[in-house]
Amino acid sequence: MGAIIVGFIQKAGYLGVFVLIFFGSAAVPIPSEAVLSFSGFLMADGVFSFWLLLSASLLGNFAGFSFLYFIGVRFHNLVYESRTVKRFIGARNLAKAEKWIREKGIVAVFAGAMIPLIRSYFALPGGILRIKYKKFIFFALAGSAVWNSIWIYAGFNLGENWIQAESYVRKFSFFILLTGFILIVAVFRKKFFSSTKHH
């Protein structure tokens, strides 16, 4: 899989990065982390420029997230009128989810753009629950800018320090785990304190 991604990126250049990130952001199972880190690796060889690479990846995110978001908007009525959805989730729970999304969902959008797997699908519920598009896309791209930069830099750093690759991978893995842990703690802390205030 890695060899196919590298080969495609080498042949198609920035357009290849855009296409792969677009599909990865539109629920096609393409590991965007691999695309970005391999692109960063090639950047260390002078194939890419950081800012053009980041721009191509963010344009891919923009197109993919928007595509999935507007599919979600089209499915809004279908989901809300579905007997199966009402039976398993319940109309009251749907209303609660919609209220939470409108009040605090932007935090979830920003964080969701930095969580593997979730980032490929979160635009769909964003559209179904009708988060305001401009807000949604702004925070989705803000989260993606952070996430994409980290992975591009990781690939670049690995390319620049190939001999010491093992130590860099260990440090990077620790950084990713720490970032994920902080995000989870922040979300749960906010949820806990907001629920205790009502009691």
# chains A, B, ... in the order shown; residues from 1 in each chain; ligands from 1

$ residues_around --residues "Ile106 (chain A)" --least-positions-apart "6" --cutoff "9 Å" --atoms "only C-alpha atoms" --output "ChimeraX atom specification"
/A:131,135-136,139-140

$ write_last_selection --atoms "N, CA and C atoms" --output "PDB file, in the first residue's frame"
ATOM      1  N   ILE A 131     -24.881  21.698  11.144  1.00  0.00           N
ATOM      2  CA  ILE A 131     -24.000  22.731  11.694  1.00  0.00           C
ATOM      3  C   ILE A 131     -23.847  23.775  10.592  1.00  0.00           C
ATOM      4  N   LYS A 135     -18.979  27.817   9.606  1.00  0.00           N
ATOM      5  CA  LYS A 135     -18.326  27.490  10.880  1.00  0.00           C
ATOM      6  C   LYS A 135     -17.705  26.104  10.806  1.00  0.00           C
ATOM      7  N   PHE A 136     -18.478  25.158  10.268  1.00  0.00           N
ATOM      8  CA  PHE A 136     -18.006  23.774  10.175  1.00  0.00           C
ATOM      9  C   PHE A 136     -16.709  23.699   9.380  1.00  0.00           C
ATOM     10  N   PHE A 139     -13.514  25.390  11.097  1.00  0.00           N
ATOM     11  CA  PHE A 139     -12.887  24.633  12.185  1.00  0.00           C
ATOM     12  C   PHE A 139     -12.365  23.277  11.717  1.00  0.00           C
ATOM     13  N   ALA A 140     -13.014  22.691  10.719  1.00  0.00           N
ATOM     14  CA  ALA A 140     -12.524  21.431  10.155  1.00  0.00           C
ATOM     15  C   ALA A 140     -11.165  21.653   9.490  1.00  0.00           C
TER      16      ALA A 140
END

$ closest_residue --among "A:Ala111, A:Phe50, A:Ile4, A:Leu20" --to "Ala186 (chain A)" --atoms "only C-alpha atoms"
A:Ala111

$ residues_around --residues "region 56-61 of chain A" --least-positions-apart "3" --cutoff "9 Å" --atoms "only C-alpha atoms" --output "list in words"
Tyr14, Leu15, Gly16, Val17, Phe18, Val19, Leu20, Ile21, Phe22, Phe23, Gly24, Ser25, Ala26, Leu36, Trp51, Leu52, Leu53, Gly64, Phe65, Ser66, Ala140, Leu141, Ser144, Ala145 and Asn148 of chain A

$ write_last_selection --atoms "C-alpha atoms" --output "mmCIF file, in the first residue's frame"
data_model
loop_
_atom_site.group_PDB
_atom_site.id
_atom_site.type_symbol
_atom_site.label_atom_id
_atom_site.label_comp_id
_atom_site.auth_asym_id
_atom_site.auth_seq_id
_atom_site.Cartn_x
_atom_site.Cartn_y
_atom_site.Cartn_z
ATOM 1 C CA TYR A 14 0.717 18.062 -5.772
ATOM 2 C CA LEU A 15 -2.340 16.977 -7.762
ATOM 3 C CA GLY A 16 -1.813 13.429 -6.485
ATOM 4 C CA VAL A 17 -1.703 14.690 -2.877
ATOM 5 C CA PHE A 18 -4.908 16.677 -3.474
ATOM 6 C CA VAL A 19 -6.727 13.656 -4.993
ATOM 7 C CA LEU A 20 -5.691 11.209 -2.247
ATOM 8 C CA ILE A 21 -6.546 13.640 0.574
ATOM 9 C CA PHE A 22 -9.884 14.427 -1.100
ATOM 10 C CA PHE A 23 -10.852 10.739 -1.156
ATOM 11 C CA GLY A 24 -9.512 10.230 2.375
ATOM 12 C CA SER A 25 -11.698 13.132 3.596
ATOM 13 C CA ALA A 26 -14.764 11.833 1.736
ATOM 14 C CA LEU A 36 1.125 13.244 4.260
ATOM 15 C CA TRP A 51 3.589 25.504 1.868
ATOM 16 C CA LEU A 52 2.463 24.149 -1.512
ATOM 17 C CA LEU A 53 2.154 20.675 -0.002
ATOM 18 C CA GLY A 64 -13.750 16.065 0.653
ATOM 19 C CA PHE A 65 -15.328 17.514 3.805
ATOM 20 C CA SER A 66 -17.669 19.732 1.756
ATOM 21 C CA ALA A 140 -12.524 21.431 10.155
ATOM 22 C CA LEU A 141 -9.754 23.073 8.115
ATOM 23 C CA SER A 144 -6.660 19.713 9.494
ATOM 24 C CA ALA A 145 -3.986 22.412 9.197
ATOM 25 C CA ASN A 148 -1.481 17.846 8.225
#

$ closest_residue --among "A:Phe75, A:Trp151, A:Phe67, A:Phe181" --to "Ala27 (chain A)" --atoms "only C-alpha atoms"
A:Phe67

$ residues_around --residues "Gly155 (chain A)" --least-positions-apart "6" --cutoff "7 Å" --atoms "only C-alpha atoms" --output "list in words"
Ser37, Phe38, Ser39, Gly40 and Phe41 of chain A

$ atom_distance --atom1 "CA of Glu103 (chain A)" --atom2 "CA of Val146 (chain A)"
23.3 Å

$ closest_residue --among "A:Gly159, A:Gly143, A:Pro125, A:Gly13" --to "Ile71 (chain A)" --atoms "only C-alpha atoms"
A:Pro125

$ closest_residue --among "A:Val73, A:Ala63, A:Ile152, A:Ala95" --to "Ser32 (chain A)" --atoms "only C-alpha atoms"
A:Ile152
